[in-house]
$ cat upload_1.csv   # CSV, C-alpha atoms and all ligand atoms
chain,number,residue,atom,x,y,z
Y,75,MET,CA,-68.2,6.5,-26.4
Y,76,VAL,CA,-66.9,9.8,-24.9
Y,77,SER,CA,-67.3,12.7,-27.3
Y,78,ASP,CA,-64.4,14.9,-26.1
Y,79,VAL,CA,-61.9,12.1,-26.5
Y,80,PRO,CA,-60.4,11.6,-30.0
Y,81,LYS,CA,-61.3,8.2,-31.3
Y,82,PRO,CA,-57.8,6.7,-31.1
Y,83,MET,CA,-57.7,7.6,-27.4
Y,84,ILE,CA,-60.8,5.6,-26.5
Y,85,PRO,CA,-59.9,3.2,-23.8
Y,86,ILE,CA,-59.9,-0.6,-24.4
Y,87,ASP,CA,-59.5,-2.3,-21.0
Y,88,GLY,CA,-58.0,0.9,-19.5
Y,89,LYS,CA,-55.5,1.7,-22.3
Y,90,PRO,CA,-56.1,3.9,-25.3
Y,91,LEU,CA,-56.7,2.1,-28.5
Y,92,LEU,CA,-53.8,3.8,-30.2
Y,93,GLU,CA,-51.5,2.7,-27.4
Y,94,ARG,CA,-52.6,-0.9,-27.9
Y,95,GLU,CA,-51.9,-0.6,-31.7
Y,96,ILE,CA,-48.4,0.8,-31.0
Y,97,LEU,CA,-47.5,-1.8,-28.3
Y,98,SER,CA,-48.6,-4.7,-30.5
Y,99,LEU,CA,-46.4,-3.5,-33.3
Y,100,ARG,CA,-43.5,-2.6,-31.0
Y,101,ASP,CA,-43.5,-6.2,-29.7
Y,102,GLN,CA,-42.9,-7.4,-33.2
Y,103,GLY,CA,-40.0,-5.1,-34.0
Y,104,ILE,CA,-41.7,-2.0,-35.4
Y,105,THR,CA,-40.5,1.0,-33.5
Y,106,GLU,CA,-40.8,4.1,-35.7
Y,107,PHE,CA,-44.2,5.8,-35.8
Y,108,ILE,CA,-45.6,8.9,-37.4
Y,109,LEU,CA,-48.9,10.0,-36.1
Y,110,THR,CA,-51.0,12.3,-38.2
Y,111,VAL,CA,-53.2,14.4,-35.9
Y,112,SER,CA,-55.7,17.1,-36.3
Y,113,HIS,CA,-58.8,17.0,-34.1
Y,114,LEU,CA,-57.8,17.4,-30.3
Y,115,SER,CA,-54.2,16.7,-31.3
Y,116,GLU,CA,-52.8,17.9,-28.0
Y,117,VAL,CA,-54.6,15.1,-26.1
Y,118,ILE,CA,-52.7,12.6,-28.2
Y,119,MET,CA,-49.3,14.4,-28.1
Y,120,ASP,CA,-49.5,14.9,-24.3
Y,121,HIS,CA,-50.2,11.2,-23.8
Y,122,PHE,CA,-47.4,9.8,-26.1
Y,123,GLY,CA,-44.8,12.5,-26.3
Y,124,ASN,CA,-41.8,11.2,-28.2
Y,125,GLY,CA,-42.8,7.6,-27.4
Y,126,HIS,CA,-39.6,6.8,-25.5
Y,127,ASP,CA,-41.6,5.7,-22.4
Y,128,LEU,CA,-43.1,3.0,-24.6
Y,129,GLY,CA,-39.8,2.1,-26.2
Y,130,VAL,CA,-40.6,3.6,-29.6
Y,131,ASP,CA,-39.9,6.8,-31.5
Y,132,ILE,CA,-43.0,8.9,-32.3
Y,133,THR,CA,-43.1,12.0,-34.5
Y,134,TYR,CA,-46.2,14.0,-35.4
Y,135,PHE,CA,-47.7,15.5,-38.5
Y,136,GLU,CA,-50.2,18.1,-37.6
Y,137,GLU,CA,-52.9,18.8,-40.1
Y,138,LYS,CA,-53.8,22.4,-39.9
Y,139,THR,CA,-56.3,22.4,-42.8
Y,140,PRO,CA,-58.1,19.2,-43.8
Y,141,LEU,CA,-56.1,17.4,-46.5
Y,142,GLY,CA,-58.3,14.3,-46.8
Y,143,ASN,CA,-57.3,11.0,-45.2
Y,144,ALA,CA,-54.3,10.6,-47.5
Y,145,GLY,CA,-53.2,14.2,-47.8
Y,146,ALA,CA,-50.7,13.9,-45.0
Y,147,LEU,CA,-48.9,11.0,-46.7
Y,148,PHE,CA,-48.1,13.2,-49.7
Y,149,GLN,CA,-46.8,15.9,-47.4
Y,150,LEU,CA,-44.6,13.3,-45.7
Y,151,LYS,CA,-43.2,11.7,-48.9
Y,152,ASP,CA,-39.7,12.9,-48.3
Y,153,GLN,CA,-39.6,11.1,-45.0
Y,154,LEU,CA,-41.2,7.9,-46.2
Y,155,THR,CA,-38.4,6.3,-48.0
Y,156,GLU,CA,-39.1,2.6,-47.2
Y,157,ASP,CA,-42.2,0.5,-47.4
Y,158,PHE,CA,-44.5,1.4,-44.5
Y,159,LEU,CA,-47.6,0.3,-42.7
Y,160,LEU,CA,-50.6,2.6,-42.9
Y,161,ILE,CA,-53.2,2.0,-40.2
Y,162,ASN,CA,-56.4,3.8,-39.2
Y,163,GLY,CA,-56.4,5.0,-35.6
Y,164,ASP,CA,-59.8,3.5,-34.8
Y,165,VAL,CA,-59.0,-0.2,-35.5
Y,166,LEU,CA,-58.3,-2.7,-32.8
Y,167,PHE,CA,-56.1,-5.6,-34.1
Y,168,ASP,CA,-53.7,-8.2,-33.0
Y,169,ILE,CA,-52.0,-9.6,-36.1
Y,170,ASP,CA,-48.7,-11.4,-36.9
Y,171,VAL,CA,-47.4,-8.3,-38.7
Y,172,ASN,CA,-44.3,-10.1,-40.0
Y,173,ARG,CA,-46.4,-12.6,-41.9
Y,174,PHE,CA,-48.2,-9.7,-43.5
Y,175,ILE,CA,-44.9,-8.0,-44.4
Y,176,ALA,CA,-43.5,-11.3,-45.8
Y,177,PHE,CA,-46.5,-11.6,-48.1
Y,178,HIS,CA,-46.0,-8.0,-49.3
Y,179,ASN,CA,-42.4,-8.6,-50.0
Y,180,GLU,CA,-42.9,-11.9,-51.7
Y,181,LYS,CA,-45.5,-10.3,-54.1
Y,182,LYS,CA,-43.1,-7.3,-54.7
Y,183,ALA,CA,-46.3,-5.3,-54.1
Y,184,LEU,CA,-46.8,-1.6,-54.3
Y,185,VAL,CA,-49.7,-1.9,-52.0
Y,186,THR,CA,-51.0,-4.8,-49.9
Y,187,LEU,CA,-54.4,-4.6,-48.4
Y,188,PHE,CA,-55.2,-6.7,-45.3
Y,189,THR,CA,-58.5,-8.4,-45.9
Y,190,HIS,CA,-60.8,-10.8,-44.1
Y,191,PRO,CA,-64.1,-12.5,-44.5
Y,192,ASN,CA,-67.1,-11.2,-42.6
Y,193,ASP,CA,-70.6,-12.3,-41.7
Y,194,HIS,CA,-72.3,-9.8,-43.9
Y,195,PRO,CA,-70.4,-9.6,-47.3
Y,196,TYR,CA,-73.7,-8.9,-49.1
Y,197,ASP,CA,-73.8,-5.4,-47.8
Y,198,SER,CA,-70.0,-4.8,-47.4
Y,199,GLY,CA,-67.5,-3.2,-49.7
Y,200,LEU,CA,-65.6,-6.0,-51.4
Y,201,ILE,CA,-62.1,-6.7,-52.8
Y,202,LEU,CA,-62.1,-9.0,-55.8
Y,203,THR,CA,-58.8,-10.8,-56.6
Y,204,ASP,CA,-57.4,-13.1,-59.2
Y,205,GLU,CA,-55.7,-16.5,-58.6
Y,206,ASP,CA,-52.5,-14.7,-57.6
Y,207,ASP,CA,-54.2,-12.5,-54.9
Y,208,ARG,CA,-53.9,-9.5,-57.2
Y,209,VAL,CA,-56.7,-7.0,-56.6
Y,210,ILE,CA,-58.7,-6.7,-59.8
Y,211,ARG,CA,-61.8,-4.8,-58.6
Y,212,TRP,CA,-62.7,-2.8,-55.5
Y,213,LEU,CA,-66.4,-2.4,-54.9
Y,214,THR,CA,-68.0,-0.1,-52.5
Y,215,LYS,CA,-71.0,-1.4,-50.7
Y,216,GLU,CA,-73.3,0.6,-53.0
Y,217,GLU,CA,-71.8,-0.7,-56.3
Y,218,GLU,CA,-73.3,-3.6,-58.2
Y,219,ARG,CA,-71.5,-6.8,-57.5
Y,220,PRO,CA,-71.1,-10.0,-59.5
Y,221,LEU,CA,-73.6,-12.7,-58.8
Y,222,TYR,CA,-71.0,-14.7,-57.0
Y,223,TYR,CA,-67.9,-13.3,-55.3
Y,224,GLN,CA,-65.2,-13.9,-52.7
Y,225,ASN,CA,-65.9,-12.9,-49.1
Y,226,LYS,CA,-63.0,-10.5,-48.9
Y,227,VAL,CA,-63.4,-7.2,-47.0
Y,228,ASN,CA,-60.8,-4.5,-46.6
Y,229,ALA,CA,-59.9,-4.3,-42.9
Y,230,GLY,CA,-58.1,-0.9,-42.9
Y,231,LEU,CA,-54.5,-2.0,-42.5
Y,232,HIS,CA,-52.2,-1.4,-45.5
Y,233,LEU,CA,-48.6,-1.9,-46.5
Y,234,LEU,CA,-47.5,0.8,-49.0
Y,235,SER,CA,-44.4,1.3,-51.1
Y,236,PRO,CA,-43.2,5.0,-51.1
Y,237,GLU,CA,-43.4,4.6,-54.9
Y,238,VAL,CA,-47.2,5.1,-54.6
Y,239,LEU,CA,-46.6,8.7,-53.4
Y,240,GLN,CA,-44.7,9.7,-56.5
Y,241,LYS,CA,-47.9,10.1,-58.4
Y,242,GLU,CA,-49.1,13.6,-58.8
Y,243,ILE,CA,-52.6,14.1,-57.5
Y,244,ASP,CA,-53.9,17.5,-58.2
Y,245,LYS,CA,-56.5,17.9,-55.5
Y,246,GLU,CA,-56.9,19.9,-52.4
Y,247,LYS,CA,-58.1,16.8,-50.4
Y,248,ILE,CA,-56.8,13.4,-51.2
Y,249,ASP,CA,-58.9,10.4,-50.4
Y,250,LEU,CA,-56.9,7.2,-49.8
Y,251,ASP,CA,-59.3,4.6,-51.2
Y,252,ARG,CA,-60.7,6.7,-54.1
Y,253,ASP,CA,-57.7,8.7,-55.3
Y,254,VAL,CA,-54.7,6.5,-54.3
Y,255,LEU,CA,-55.6,2.9,-54.0
Y,256,LYS,CA,-58.5,2.1,-56.3
Y,257,PRO,CA,-56.6,3.3,-59.4
Y,258,LEU,CA,-54.0,0.6,-58.7
Y,259,CYS,CA,-56.5,-2.2,-59.3
Y,260,GLY,CA,-55.0,-4.6,-61.8
Y,261,ASP,CA,-51.5,-3.3,-61.0
Y,262,ARG,CA,-49.2,-4.4,-58.2
Y,263,MET,CA,-51.8,-4.2,-55.5
Y,264,PHE,CA,-52.5,-7.5,-53.6
Y,265,ALA,CA,-54.9,-8.7,-50.9
Y,266,TYR,CA,-53.6,-10.6,-47.9
Y,267,SER,CA,-56.4,-12.6,-46.6
Y,268,SER,CA,-56.3,-13.4,-42.9
Y,269,SER,CA,-58.4,-14.9,-40.1
Y,270,GLU,CA,-56.9,-12.6,-37.5
Y,271,TYR,CA,-58.9,-10.1,-35.4
Y,272,VAL,CA,-59.2,-6.6,-36.9
Y,273,LYS,CA,-62.2,-4.5,-36.1
Y,274,ASP,CA,-63.0,-0.8,-36.4
Y,275,MET,CA,-65.0,0.9,-33.7
Y,276,GLY,CA,-67.3,3.0,-35.9
Y,277,THR,CA,-70.4,2.8,-33.7
Y,278,PRO,CA,-71.0,2.5,-30.0
Y,279,GLU,CA,-72.2,-1.1,-30.5
Y,280,ARG,CA,-69.0,-2.0,-32.3
Y,281,TYR,CA,-67.0,-0.4,-29.5
Y,282,GLU,CA,-68.7,-2.5,-26.9
Y,283,MET,CA,-68.2,-5.6,-29.0
Y,284,VAL,CA,-64.5,-4.9,-29.4
Y,285,CYS,CA,-64.1,-4.3,-25.6
Y,286,ARG,CA,-65.9,-7.6,-24.9
Y,287,ASP,CA,-63.7,-9.5,-27.4
Y,288,TYR,CA,-60.6,-7.9,-25.9
Y,289,LEU,CA,-61.5,-8.9,-22.4
Y,290,SER,CA,-62.5,-12.4,-23.4
Y,291,GLY,CA,-59.0,-13.0,-24.9
Y,292,LYS,CA,-60.5,-13.5,-28.4
Y,293,VAL,CA,-58.5,-10.6,-30.0
Y,294,GLY,CA,-55.1,-12.1,-29.0
Y,295,ALA,CA,-56.1,-15.7,-29.5
Y,296,ARG,CA,-56.7,-15.1,-33.2
Y,297,SER,CA,-53.3,-13.7,-33.8
Y,298,LEU,CA,-51.3,-16.1,-36.0
Y,299,ARG,CA,-48.4,-15.6,-33.6
Y,300,ASN,CA,-50.4,-18.0,-31.4
Y,301,LYS,CA,-51.3,-21.6,-32.2
Y,302,GLN,CA,-54.7,-21.9,-33.8
Y,303,LYS,CA,-57.3,-24.7,-33.7
Y,304,ALA,CA,-59.3,-25.6,-36.8
Y,305,ILE,CA,-62.4,-27.6,-37.8
Y,306,PHE,CA,-61.5,-28.9,-41.3
Y,307,LEU,CA,-64.4,-29.6,-43.5
Y,308,ASP,CA,-64.7,-31.7,-46.6
Y,309,ARG,CA,-66.6,-30.0,-49.4
Y,310,ASP,CA,-68.8,-32.3,-51.6
Y,311,GLY,CA,-71.3,-34.3,-49.6
Y,312,THR,CA,-70.4,-32.4,-46.4
Y,313,ILE,CA,-71.0,-28.7,-47.0
Y,314,ASN,CA,-72.7,-28.9,-50.4
Y,315,HIS,CA,-75.0,-31.5,-52.0
Y,316,PHE,CA,-73.1,-34.5,-53.4
Y,317,VAL,CA,-73.3,-34.8,-57.2
Y,318,GLY,CA,-70.3,-37.0,-57.9
Y,319,PHE,CA,-67.8,-34.8,-59.8
Y,320,LEU,CA,-69.1,-31.3,-59.5
Y,321,ARG,CA,-68.4,-29.5,-62.8
Y,322,ASN,CA,-71.2,-26.9,-63.2
Y,323,LEU,CA,-71.8,-23.9,-61.1
Y,324,ASP,CA,-75.5,-24.8,-61.0
Y,325,GLU,CA,-74.6,-28.0,-59.1
Y,326,MET,CA,-73.2,-26.1,-56.1
Y,327,GLU,CA,-76.0,-26.1,-53.6
Y,328,LEU,CA,-75.6,-26.0,-49.8
Y,329,ASN,CA,-76.8,-28.8,-47.7
Y,330,PRO,CA,-79.5,-28.0,-45.1
Y,331,HIS,CA,-77.9,-26.8,-41.9
Y,332,ALA,CA,-74.5,-26.4,-43.4
Y,333,ALA,CA,-74.5,-22.6,-43.1
Y,334,GLU,CA,-75.8,-22.8,-39.5
Y,335,ALA,CA,-73.0,-25.3,-38.7
Y,336,ILE,CA,-70.4,-23.0,-40.1
Y,337,ARG,CA,-71.8,-20.0,-38.3
Y,338,LYS,CA,-71.3,-22.0,-35.1
Y,339,ILE,CA,-67.7,-22.7,-36.0
Y,340,ASN,CA,-67.3,-18.9,-36.8
Y,341,ALA,CA,-68.5,-18.0,-33.4
Y,342,SER,CA,-66.2,-20.5,-31.7
Y,343,GLU,CA,-62.5,-20.5,-31.1
Y,344,TYR,CA,-62.0,-22.7,-34.2
Y,345,LEU,CA,-61.1,-21.7,-37.7
Y,346,CYS,CA,-63.2,-23.1,-40.5
Y,347,ILE,CA,-61.1,-24.6,-43.3
Y,348,VAL,CA,-62.2,-26.5,-46.3
Y,349,ILE,CA,-60.0,-29.4,-47.6
Y,350,THR,CA,-61.2,-30.9,-50.9
Y,351,ASN,CA,-59.9,-33.2,-53.7
Y,352,GLN,CA,-60.8,-31.7,-57.1
Y,353,PRO,CA,-59.5,-34.2,-59.6
Y,354,VAL,CA,-61.8,-32.5,-62.2
Y,355,ILE,CA,-59.0,-30.1,-62.7
Y,356,ALA,CA,-56.4,-32.8,-63.7
Y,357,ARG,CA,-59.1,-34.5,-65.8
Y,358,GLY,CA,-59.4,-31.2,-67.8
Y,359,GLU,CA,-63.1,-31.0,-66.9
Y,360,VAL,CA,-63.0,-27.8,-64.9
Y,361,THR,CA,-60.4,-25.0,-65.2
Y,362,PHE,CA,-58.8,-23.3,-62.2
Y,363,LYS,CA,-60.9,-20.2,-63.1
Y,364,GLU,CA,-64.2,-22.2,-63.2
Y,365,LEU,CA,-63.3,-23.8,-59.9
Y,366,ARG,CA,-62.7,-20.3,-58.4
Y,367,GLU,CA,-66.2,-19.4,-59.6
Y,368,ILE,CA,-67.7,-22.5,-58.0
Y,369,HIS,CA,-66.0,-21.5,-54.8
Y,370,ASN,CA,-67.2,-17.9,-55.2
Y,371,LYS,CA,-70.7,-19.4,-55.3
Y,372,LEU,CA,-70.0,-21.4,-52.1
Y,373,GLU,CA,-68.7,-18.3,-50.3
Y,374,THR,CA,-71.7,-16.2,-51.6
Y,375,LEU,CA,-74.3,-18.7,-50.5
Y,376,LEU,CA,-72.7,-19.0,-47.1
Y,377,GLY,CA,-72.3,-15.3,-46.8
Y,378,ASN,CA,-75.9,-14.8,-47.5
Y,379,GLU,CA,-76.6,-16.8,-44.4
Y,380,GLY,CA,-74.0,-15.0,-42.2
Y,381,ALA,CA,-71.4,-17.8,-42.5
Y,382,TYR,CA,-67.8,-17.8,-43.8
Y,383,ILE,CA,-64.8,-20.0,-44.3
Y,384,ASP,CA,-61.4,-18.9,-43.2
Y,385,GLY,CA,-59.5,-20.8,-45.8
Y,386,LEU,CA,-59.9,-23.4,-48.6
Y,387,PHE,CA,-57.3,-25.8,-49.9
Y,388,PHE,CA,-57.8,-28.1,-52.8
Y,389,CYS,CA,-55.9,-30.8,-54.6
Y,390,PRO,CA,-56.1,-30.5,-58.4
Y,391,HIS,CA,-54.2,-33.7,-59.0
Y,392,HIS,CA,-55.1,-37.2,-60.0
Y,393,PRO,CA,-52.7,-40.2,-60.2
Y,394,ASP,CA,-54.1,-42.2,-63.2
Y,395,ARG,CA,-53.0,-41.1,-66.6
Y,396,GLY,CA,-54.4,-41.9,-70.0
Y,397,TYR,CA,-57.7,-40.0,-70.4
Y,398,GLU,CA,-58.7,-37.7,-73.2
Y,399,GLY,CA,-58.5,-34.0,-72.3
Y,400,GLU,CA,-56.5,-34.5,-69.2
Y,401,ILE,CA,-53.7,-32.1,-68.0
Y,402,PRO,CA,-50.6,-34.3,-67.9
Y,403,GLU,CA,-48.6,-32.2,-65.4
Y,404,LEU,CA,-51.4,-32.6,-62.9
Y,405,LYS,CA,-51.7,-36.3,-63.4
Y,406,ILE,CA,-49.2,-37.1,-60.6
Y,407,ASP,CA,-49.1,-39.1,-57.5
Y,408,CYS,CA,-49.0,-35.9,-55.3
Y,409,ASP,CA,-48.8,-35.6,-51.5
Y,410,CYS,CA,-52.0,-33.6,-51.2
Y,411,ARG,CA,-54.8,-35.8,-52.5
Y,412,LYS,CA,-56.8,-37.1,-49.5
Y,413,PRO,CA,-56.2,-39.5,-47.8
Y,414,LYS,CA,-52.7,-38.0,-47.9
Y,415,PRO,CA,-52.4,-35.2,-45.4
Y,416,GLY,CA,-50.5,-32.6,-47.6
Y,417,LEU,CA,-53.3,-30.0,-47.6
Y,418,PHE,CA,-53.6,-30.1,-43.8
Y,419,PHE,CA,-49.9,-29.4,-43.6
Y,420,LYS,CA,-50.3,-26.5,-46.0
Y,421,ALA,CA,-53.1,-25.1,-43.8
Y,422,LYS,CA,-51.0,-25.7,-40.7
Y,423,ASP,CA,-48.3,-23.5,-42.1
Y,424,ALA,CA,-50.6,-20.8,-43.4
Y,425,TYR,CA,-52.6,-20.5,-40.2
Y,426,ASN,CA,-50.2,-21.8,-37.5
Y,427,ILE,CA,-52.5,-24.6,-36.7
Y,428,ASP,CA,-52.1,-27.1,-33.9
Y,429,LEU,CA,-53.4,-30.2,-35.8
Y,430,SER,CA,-53.6,-32.3,-32.7
Y,431,ALA,CA,-56.1,-29.8,-31.3
Y,432,SER,CA,-58.1,-29.8,-34.6
Y,433,TYR,CA,-60.9,-31.8,-36.1
Y,434,MET,CA,-61.8,-33.1,-39.6
Y,435,ILE,CA,-65.4,-33.7,-40.6
Y,436,GLY,CA,-66.2,-35.4,-43.8
Y,437,ASP,CA,-68.6,-37.9,-45.4
Y,438,SER,CA,-66.0,-40.5,-46.7
Y,439,ASP,CA,-63.5,-42.9,-45.3
Y,440,ASN,CA,-60.8,-40.9,-47.2
Y,441,ASP,CA,-61.7,-37.8,-45.2
Y,442,VAL,CA,-61.3,-39.7,-41.9
Y,443,LEU,CA,-58.1,-41.3,-43.0
Y,444,ALA,CA,-56.6,-38.0,-44.2
Y,445,GLY,CA,-57.6,-36.3,-41.0
Y,446,SER,CA,-56.0,-39.0,-38.9
Y,447,ASN,CA,-52.9,-39.0,-41.1
Y,448,ALA,CA,-52.6,-35.3,-40.3
Y,449,GLY,CA,-53.0,-36.0,-36.6
Y,450,CYS,CA,-56.5,-34.5,-36.2
Y,451,LYS,CA,-59.5,-36.0,-34.5
Y,452,CYS,CA,-62.1,-37.0,-37.1
Y,453,ILE,CA,-65.9,-37.3,-37.4
Y,454,LYS,CA,-67.5,-39.1,-40.3
Y,455,ILE,CA,-71.1,-38.0,-41.2
Y,456,GLU,CA,-73.5,-39.5,-43.7
Y,457,ARG,CA,-73.2,-38.3,-47.2
Y,458,ASP,CA,-75.2,-35.0,-47.3
Y,459,GLY,CA,-75.8,-35.7,-43.6
Y,460,ASP,CA,-76.2,-33.3,-40.7
Y,461,LEU,CA,-73.1,-31.2,-40.4
Y,462,ARG,CA,-74.6,-29.2,-37.6
Y,463,GLU,CA,-74.9,-32.2,-35.4
Y,464,ALA,CA,-71.2,-33.0,-35.9
Y,465,VAL,CA,-70.1,-29.5,-35.1
Y,466,ASP,CA,-72.3,-29.5,-32.0
Y,467,ARG,CA,-70.5,-32.6,-30.8
Y,468,ILE,CA,-67.1,-30.9,-31.1
Y,469,LEU,CA,-68.3,-27.6,-29.5
Y,470,GLY,CA,-70.1,-29.6,-26.7
Y,471,LYS,CA,-73.5,-28.2,-27.4
G,501,ZN,ZN,-52.6,-33.1,-54.9
$ encode --input "upload_1.csv" --output "structure tokens"
Amino acid sequence: MVSDVPKPMIPIDGKPLLEREILSLRDQGITEFILTVSHLSEVIMDHFGNGHDLGVDITYFEEKTPLGNAGALFQLKDQLTEDFLLINGDVLFDIDVNRFIAFHNEKKALVTLFTHPNDHPYDSGLILTDEDDRVIRWLTKEEERPLYYQNKVNAGLHLLSPEVLQKEIDKEKIDLDRDVLKPLCGDRMFAYSSSEYVKDMGTPERYEMVCRDYLSGKVGARSLRNKQKAIFLDRDGTINHFVGFLRNLDEMELNPHAAEAIRKINASEYLCIVITNQPVIARGEVTFKELREIHNKLETLLGNEGAYIDGLFFCPHHPDRGYEGEIPELKIDCDCRKPKPGLFFKAKDAYNIDLSASYMIGDSDNDVLAGSNAGCKCIKIERDGDLREAVDRILGK
């Protein structure tokens, strides 16, 4: 990194990072920018001017005295009359921003955080959400965490309603996370979880990695504006040890090599998405909350080994009625219980997946049938068999 260049002006394949951020958003219809500048501000202002050369409008807020990383926002509150994106200047991303905005609008959120899984959740700050994606806790990396948790890390892109700026904060310096966002836990603050590429360049190593990823095409390929490929995985008997109906948290144990197999998927061009039938919900044996905890354990065990899943879709239904304790409204002949392909279609919409370029790996005939019904290529493994070997076959290793 070059020390007399402000961070947002560090080149990525010959263009300043900040220019790449602006161009990516411009191409998706966002054309008004306010840049808050302090350190070496003239370098940035000389480069971008009023933005017209790039086809956008840029204005500046010059911070004469340090106001904290959210101080400028409060100074600008008369100008910020509509929901706006708030983006750190040292993050390289290529996201489908209109999906992000649609989520924010659908939730009627005050704030939406862009989150993603990473390969070291055990020492990252974490965002904990409820079933509705509402942020309920926000943990720094130093804070004690629950035993099992979702692999959900704040990526540094936010959507904010101007309503947030109406709050009086009586401080000289205002810190975005601590003073503005964290107090909104449990309120209308939501997490948008995505598989897209967003990385900050905090260290020289990260900068080099980001440049490599950019040149290899990985950054753009992960944008949900482009078709994705996925390796779908069954859960029980494929990733974790088969116990019949899994009802207790203690029974969730990874199969040998499962984490290694998923790490390989993570490093490849494929998304890793779990598709599982969980009739235990309809049978009244496991609640949605308990199932979430079981999946938190799955994510935690994988995270401890540097692996993560990009998405998980489950069918809570079961067709046969007449059992004690069952939940009648879930006892239906749904279109998502494998071998039906409904969950694959849900995943396809959520991640813009090309199903014909994707694979399903599972340990039962139903998995193979479901995958074929969805138009995927399928691999059947033994129950609790070697997932790594199946993944290697797909990746050609
Ligand atoms: Zn279903």
$ atom_distance --input "upload_1.csv" --atom1 "atom CA of Y:Leu221" --atom2 "atom CA of Y:Val254"
27.3 Å
$ residues_near_ligand --input "upload_1.csv" --ligand "ligand ZN 501 (chain G)" --cutoff "8 Å" --atoms "only C-alpha atoms and all ligand atoms" --output "list in words"
Asn351, Phe388, Cys389, Pro390, His391, His392, Ile406, Asp407, Cys408, Asp409, Cys410, Arg411, Lys412, Gly416 and Leu417 of chain Y
$ residues_around --input "upload_1.csv" --residues "stretch 450-467 of chain Y" --least-positions-apart "6" --cutoff "12 Å" --atoms "only C-alpha atoms" --output "PyMOL selection string"
chain Y and resi 303-318+327-342+344+346+415+418-419+422+427-444
$ atom_distance --input "upload_1.csv" --atom1 "atom CA of Y:Arg173" --atom2 "atom CA of Y:Leu150"
26.2 Å
$ closest_residue --input "upload_1.csv" --among "Y:Met263, Y:Cys285, Y:Ala295, Y:Ile108" --to "Y:Lys182" --atoms "only C-alpha atoms"
Y:Met263
$ atom_distance --input "upload_1.csv" --atom1 "atom CA of Y:Tyr397" --atom2 "atom CA of Y:Phe319"
15.5 Å
$ closest_residue --input "upload_1.csv" --among "Y:Leu202, Y:Ala356, Y:Ile349, Y:Val284" --to "Y:Gly445" --atoms "only C-alpha atoms"
Y:Ile349
$ closest_residue --input "upload_1.csv" --among "Y:Phe107, Y:Tyr382, Y:Tyr281, Y:Phe135" --to "Y:Asp164" --atoms "all atoms listed in the file"
Y:Tyr281
$ residues_around --input "upload_1.csv" --residues "Y:Lys138" --least-positions-apart "6" --cutoff "12 Å" --atoms "all atoms listed in the file" --output "list of chain:residue names"
Y:Thr110, Y:Val111, Y:Ser112, Y:His113, Y:Leu114, Y:Ser115, Y:Gly145, Y:Ala146
$ closest_residue --input "upload_1.csv" --among "Y:Pro82, Y:Gly470, Y:Gly88, Y:Gly385" --to "Y:Ile347" --atoms "only C-alpha atoms"
Y:Gly385
$ closest_residue --input "upload_1.csv" --among "Y:Phe387, Y:Tyr425, Y:Tyr266, Y:Phe148" --to "Y:Thr350" --atoms "all atoms listed in the file"
Y:Phe387
$ closest_residue --input "upload_1.csv" --among "Y:Met283, Y:Leu258, Y:Ala448, Y:Ile401" --to "Y:Val238" --atoms "all atoms listed in the file"
Y:Leu258
$ residues_around --input "upload_1.csv" --residues "Y:Phe122" --least-positions-apart "5" --cutoff "10 Å" --atoms "only C-alpha atoms" --output "PDB file with C-alpha atoms, keeping the file's coordinate frame"
ATOM      1  CA  LEU Y  92     -53.800   3.800 -30.200  1.00  0.00           C
ATOM      2  CA  GLU Y  93     -51.500   2.700 -27.400  1.00  0.00           C
ATOM      3  CA  GLU Y 116     -52.800  17.900 -28.000  1.00  0.00           C
ATOM      4  CA  VAL Y 117     -54.600  15.100 -26.100  1.00  0.00           C
ATOM      5  CA  ASP Y 127     -41.600   5.700 -22.400  1.00  0.00           C
ATOM      6  CA  LEU Y 128     -43.100   3.000 -24.600  1.00  0.00           C
ATOM      7  CA  VAL Y 130     -40.600   3.600 -29.600  1.00  0.00           C
ATOM      8  CA  ASP Y 131     -39.900   6.800 -31.500  1.00  0.00           C
ATOM      9  CA  ILE Y 132     -43.000   8.900 -32.300  1.00  0.00           C
ATOM     10  CA  THR Y 133     -43.100  12.000 -34.500  1.00  0.00           C
TER      11      THR Y 133
END
$ residues_around --input "upload_1.csv" --residues "Y:Asp207" --least-positions-apart "6" --cutoff "12 Å" --atoms "all atoms listed in the file" --output "VMD selection string"
chain Y and resid 177 to 178 180 to 181 183 185 to 189 201 224 226 259 to 267
$ decode --input "upload_1.csv" --residues "stretch 296-308 of chain Y" --atoms "C-alpha atoms" --output "short mmCIF file (atom, residue, chain, number, x, y, z; two decimals), in the first residue's frame"
data_model
loop_
_atom_site.label_atom_id
_atom_site.label_comp_id
_atom_site.auth_asym_id
_atom_site.auth_seq_id
_atom_site.Cartn_x
_atom_site.Cartn_y
_atom_site.Cartn_z
CA ARG Y 296 -20.24 -13.51 -7.30
CA SER Y 297 -22.59 -10.60 -7.93
CA LEU Y 298 -26.17 -11.83 -7.93
CA ARG Y 299 -26.69 -9.80 -11.08
CA ASN Y 300 -24.87 -12.72 -12.71
CA LYS Y 301 -26.02 -16.35 -12.85
CA GLN Y 302 -24.58 -18.45 -10.03
CA LYS Y 303 -23.66 -22.12 -9.84
CA ALA Y 304 -24.31 -24.11 -6.69
CA ILE Y 305 -23.47 -27.39 -5.08
CA PHE Y 306 -26.57 -28.32 -3.11
CA LEU Y 307 -26.06 -30.60 -0.15
CA ASP Y 308 -28.48 -32.73 1.77
#
